[in-house]
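One structure is given below, encoded as structure tokens.
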Amino acid sequence: MFTYSLLYFLLSWMTTVPQPSMEEPPQKSNEVVEIEITETKPRLAISFDDGNTADMPGYSLDEWDGLILQHLEKYGAKAIFFATGGQLNSQRGRNLLEKWVQSGHYLGNHTYTHPSFNSEEVSLEDYKRDFLKNNPFLSKFDNFVPFFRFPYLKEGQTIEKRDGFRKFLEENGYRNGHVTIDGSDWYINSRLLSRLKRNPNADISDFRDWYVKHHVERANFNDSLATVLTDRKVSHVLLLHHNFAASLFLGDLLEALTAEGWEIVDAMEAYEDPIYQHQPKTLPAGGNFLRALSKEAGIYGSLFAHAPEREGYLKNKMDYLGL
């Protein structure tokens, strides 16, 4: 499935060279990846999770949701919206999804109530029922596609749950809506809303700058990781959440990505990349797909470490920046 020529070289290098501190990405790995990058553009598709029908500070639902659609249209991005039915099964929610479908975007299943599959209180059968409850709601819409994204990217903490639900998805004709680039936009959004609640007229340009920088850094890091794992450029899928931050800053993010050479592609096209045919045998299962692959290969956490993944990093960084 994968080309591991670079991986074998790097693993050999790890046995002979003292390992760098885990506090920041190792410099040696960056040097290797830079050598291998060619003029081929990195490719990225956009995906959204959840669904929110609330009005936001100074914006109605139609206004802020409409901004997201405008940003996507400007860059010709056909996204996939992994919708949580329990949050959207209302007139406002149905109208919202209809606008996304009319704009040419896809809808995927994200469960009905957004449970964590790794919870001890959620059994395999419970999770199947929640998945199935979402199907009648979403399948009424055009552009509904048989893709499923696990809430919190949690795919089961036991072999029985992991393999049991994978078999269930296959039996129902579904594919996993994997993620290769994930940030913490949900956390940035929560702090943005806190500032605007304190002061509706506050300057939020610093939030915009951080939102863009944070996601571009994550995109570039994960593209480097993918290049090491596969010895080629893969078609990435970026996870964002349907929230106010996306309505305000998505256009700036897409502008920054394209300026750095990223090509924005159709979500269904991205998922045709052969990389997504693999099912990592990691436990607990799930998380960022590239992390799972690199953990399965035995290199993540030793060769590759990314500061933003450390617990507390983002809070401390945003506190420092005054966000």
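We name chains A, B, ... following the order of the structure tokens; residues begin at 1 in each chain, and ligands are numbered from 1 as shown.
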
(request) Excluding range 172-176 of chain A and residues on its chain fewer than 4 positions from it, collect all residues at most 10 Å away from it, counting only C-alpha atoms, and give them as an MDAnalysis selection string. (result) chainID A and resid 108:109 132 145:150 155 166:168 271 276:277 279

Dump as CSV the rows for residues of range 177-254 of chain A within 10 Å of range 50-53 of chain A: closest atom pair and distance in Å with one decimal, only C-alpha atoms counted, ordered by chain and rising residue number.
residue,atom,partner,partner_atom,distance
A:Leu240,CA,A:Asp50,CA,9.5
A:His241,CA,A:Asp50,CA,6.6
A:His242,CA,A:Gly51,CA,5.4
A:Asn243,CA,A:Asn52,CA,6.7
A:Phe244,CA,A:Asn52,CA,9.1

So that I can check the surroundings of Ile68 in chain A, please list as a PDB file with N, CA and C atoms, in the first residue's frame every protein, DNA and RNA residue that reaches within 8 Å of it, counting only C-alpha atoms and ignoring chain neighbours fewer than 3 positions away.
ATOM      1  N   TRP A  64     -23.819  34.515   8.618  1.00  0.00           N
ATOM      2  CA  TRP A  64     -22.497  33.947   8.868  1.00  0.00           C
ATOM      3  C   TRP A  64     -22.297  32.630   8.121  1.00  0.00           C
ATOM      4  N   ASP A  65     -23.353  31.829   7.998  1.00  0.00           N
ATOM      5  CA  ASP A  65     -23.236  30.597   7.223  1.00  0.00           C
ATOM      6  C   ASP A  65     -23.015  30.933   5.745  1.00  0.00           C
ATOM      7  N   HIS A  71     -16.825  31.974   0.742  1.00  0.00           N
ATOM      8  CA  HIS A  71     -15.391  31.675   0.740  1.00  0.00           C
ATOM      9  C   HIS A  71     -15.100  30.429  -0.105  1.00  0.00           C
ATOM     10  N   LEU A  72     -15.920  29.399   0.074  1.00  0.00           N
ATOM     11  CA  LEU A  72     -15.711  28.165  -0.676  1.00  0.00           C
ATOM     12  C   LEU A  72     -15.914  28.391  -2.172  1.00  0.00           C
ATOM     13  N   ALA A 246     -14.825  30.132  11.107  1.00  0.00           N
ATOM     14  CA  ALA A 246     -14.715  29.781   9.686  1.00  0.00           C
ATOM     15  C   ALA A 246     -15.385  30.829   8.816  1.00  0.00           C
ATOM     16  N   SER A 247     -16.510  31.359   9.266  1.00  0.00           N
ATOM     17  CA  SER A 247     -17.215  32.361   8.457  1.00  0.00           C
ATOM     18  C   SER A 247     -16.377  33.619   8.289  1.00  0.00           C
ATOM     19  N   LEU A 248     -15.610  33.972   9.307  1.00  0.00           N
ATOM     20  CA  LEU A 248     -14.817  35.197   9.264  1.00  0.00           C
ATOM     21  C   LEU A 248     -13.451  35.006   8.625  1.00  0.00           C
ATOM     22  N   LEU A 250     -12.093  31.881   6.949  1.00  0.00           N
ATOM     23  CA  LEU A 250     -11.797  30.837   5.967  1.00  0.00           C
ATOM     24  C   LEU A 250     -11.218  31.424   4.684  1.00  0.00           C
TER      25      LEU A 250
END

(request) Determine which residues of range 17-219 of chain A DSSP labels as alpha helix (DSSP H) from the backbone of this structure, then write them out as an MDAnalysis selection string. (result) chainID A and resid 27:36 61:74 85:88 91:102 124:138 159:171 185:198 205:219

Serialized selection, C-alpha atoms, as a short mmCIF file (atom, residue, chain, number, x, y, z; two decimals), in the first residue's frame:
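Full text of part15.cif as output:
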data_model
loop_
_atom_site.label_atom_id
_atom_site.label_comp_id
_atom_site.auth_asym_id
_atom_site.auth_seq_id
_atom_site.Cartn_x
_atom_site.Cartn_y
_atom_site.Cartn_z
CA GLN A 27 15.23 19.56 12.57
CA LYS A 28 16.71 16.46 10.99
CA SER A 29 13.33 15.19 9.77
CA ASN A 30 12.53 18.55 8.22
CA GLU A 31 15.81 18.46 6.25
CA VAL A 32 14.99 15.06 4.79
CA VAL A 33 11.47 16.07 3.77
CA GLU A 34 12.69 19.26 2.10
CA ILE A 35 15.03 17.25 -0.10
CA GLU A 36 12.19 15.02 -1.30
CA LEU A 61 -27.37 32.38 10.90
CA ASP A 62 -28.03 33.06 7.22
CA GLU A 63 -25.37 35.77 7.19
CA TRP A 64 -22.50 33.95 8.87
CA ASP A 65 -23.24 30.60 7.22
CA GLY A 66 -23.51 32.40 3.90
CA LEU A 67 -20.01 33.79 4.37
CA ILE A 68 -18.59 30.26 4.59
CA LEU A 69 -20.31 29.33 1.34
CA GLN A 70 -18.96 32.50 -0.31
CA HIS A 71 -15.39 31.68 0.74
CA LEU A 72 -15.71 28.16 -0.68
CA GLU A 73 -17.22 29.41 -3.93
CA LYS A 74 -14.45 31.96 -4.43
CA GLY A 85 -28.56 15.30 12.78
CA GLY A 86 -29.56 15.97 16.34
CA GLN A 87 -28.20 19.50 16.04
CA LEU A 88 -29.73 20.16 12.63
CA GLN A 91 -36.40 23.97 10.13
CA ARG A 92 -33.34 26.17 10.52
CA GLY A 93 -31.04 23.19 10.26
CA ARG A 94 -32.78 21.73 7.23
CA ASN A 95 -32.68 25.09 5.48
CA LEU A 96 -28.98 25.37 6.25
CA LEU A 97 -28.17 21.96 4.78
CA GLU A 98 -30.30 22.65 1.72
CA LYS A 99 -28.23 25.75 1.00
CA TRP A 100 -25.04 23.71 1.21
CA VAL A 101 -26.45 21.11 -1.18
CA GLN A 102 -27.64 23.77 -3.61
CA LEU A 124 -20.72 -0.97 19.73
CA GLU A 125 -24.47 -1.52 19.42
CA ASP A 126 -25.22 1.92 20.90
CA TYR A 127 -22.95 3.51 18.34
CA LYS A 128 -24.51 1.61 15.44
CA ARG A 129 -27.97 2.80 16.50
CA ASP A 130 -26.84 6.41 16.68
CA PHE A 131 -25.28 6.17 13.23
CA LEU A 132 -28.43 4.62 11.77
CA LYS A 133 -30.64 7.27 13.34
CA ASN A 134 -28.84 9.93 11.29
CA ASN A 135 -29.35 8.17 7.96
CA PRO A 136 -33.07 8.86 7.38
CA PHE A 137 -32.53 12.54 8.15
CA LEU A 138 -29.54 13.05 5.85
CA ILE A 159 -10.27 -4.34 19.00
CA GLU A 160 -13.89 -5.45 19.26
CA LYS A 161 -15.27 -1.93 18.85
CA ARG A 162 -12.73 -0.86 16.23
CA ASP A 163 -13.10 -3.89 13.97
CA GLY A 164 -16.80 -4.32 14.69
CA PHE A 165 -17.71 -0.85 13.48
CA ARG A 166 -15.36 -1.04 10.50
CA LYS A 167 -17.18 -4.18 9.40
CA PHE A 168 -20.52 -2.45 10.02
CA LEU A 169 -19.52 0.50 7.82
CA GLU A 170 -18.44 -1.83 5.04
CA GLU A 171 -21.69 -3.80 5.24
CA ASP A 185 -10.41 25.74 15.20
CA TRP A 186 -13.13 24.81 17.71
CA TYR A 187 -10.97 26.16 20.54
CA ILE A 188 -10.02 29.29 18.62
CA ASN A 189 -13.71 29.82 17.90
CA SER A 190 -14.67 29.51 21.58
CA ARG A 191 -12.14 32.15 22.61
CA LEU A 192 -13.14 34.40 19.72
CA LEU A 193 -16.76 34.30 20.88
CA SER A 194 -15.68 35.03 24.46
CA ARG A 195 -13.92 38.21 23.31
CA LEU A 196 -16.91 39.33 21.24
CA LYS A 197 -19.30 38.70 24.11
CA ARG A 198 -17.16 40.95 26.28
CA SER A 205 -7.54 40.86 13.47
CA ASP A 206 -5.19 39.06 15.87
CA PHE A 207 -7.59 36.08 15.92
CA ARG A 208 -7.63 36.08 12.12
CA ASP A 209 -3.83 36.07 11.95
CA TRP A 210 -3.55 33.24 14.46
CA TYR A 211 -6.28 31.17 12.80
CA VAL A 212 -4.45 31.37 9.48
CA LYS A 213 -0.97 30.77 10.91
CA HIS A 214 -2.12 27.83 13.03
CA HIS A 215 -3.78 26.01 10.14
CA VAL A 216 -1.07 26.72 7.57
CA GLU A 217 1.55 25.35 9.97
CA ARG A 218 -0.51 22.22 10.55
CA ALA A 219 -1.02 21.77 6.81
#

(message) I'd like the contact shell of Gly104 in chain A - 12 Å cut-off, only C-alpha atoms, skipping same-chain residues fewer than 6 positions apart - returned as a count of residues only.
(response) 18

(request) Could you jot down the CA of Phe117 in chain A to CA of Ser294 in chain A separation for me, Å, one decimal place? (result) 22.0 Å

(message) So that I can check the secondary structure, give me every residue of range 7-206 of chain A assigned strand (DSSP E or B) by backbone DSSP, as a list in words.
(response) Arg43, Leu44, Ala45, Ile46, Ser47, Phe48, Asp49, Asp50, Met56, Tyr59, Ile80, Phe81, Phe82, Ala83, Tyr106, Leu107, Gly108, Asn109, Phe144, Val145, Pro146, Phe147, Phe148, Lys154, Arg175, Asn176, Ile181 and Asp182 of chain A

(request) Compile the contact shell of Leu239 in chain A as a ChimeraX atom specification: residues with an atom at most 7 Å away, counting only C-alpha atoms, same-chain residues fewer than 4 positions apart removed. (result) /A:46-48,179,181-182

Expected file contents, prior selection, C-alpha atoms, as a compact mmCIF listing (two decimals), in the first residue's frame:
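Output below, filename result-v5.txt:
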# COMPACT_ATOMS: atom_id res chain seq x y z
CA ILE A 46 -12.12 21.01 2.83
CA SER A 47 -14.44 19.24 5.26
CA PHE A 48 -16.70 20.53 8.00
CA VAL A 179 -8.68 13.57 8.22
CA ILE A 181 -4.91 17.94 8.52
CA ASP A 182 -6.60 18.94 11.76

(request) Can you work out which one of A:Ala297, A:Tyr152, A:Gly251, A:Asp273 has the shortest atom-to-atom distance to Leu229 in chain A, counting only C-alpha atoms? (result)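 Checking each of A:Ala297, A:Tyr152, A:Gly251, A:Asp273 against Leu229 in chain A, counting only C-alpha atoms, the winner is A:Ala297.
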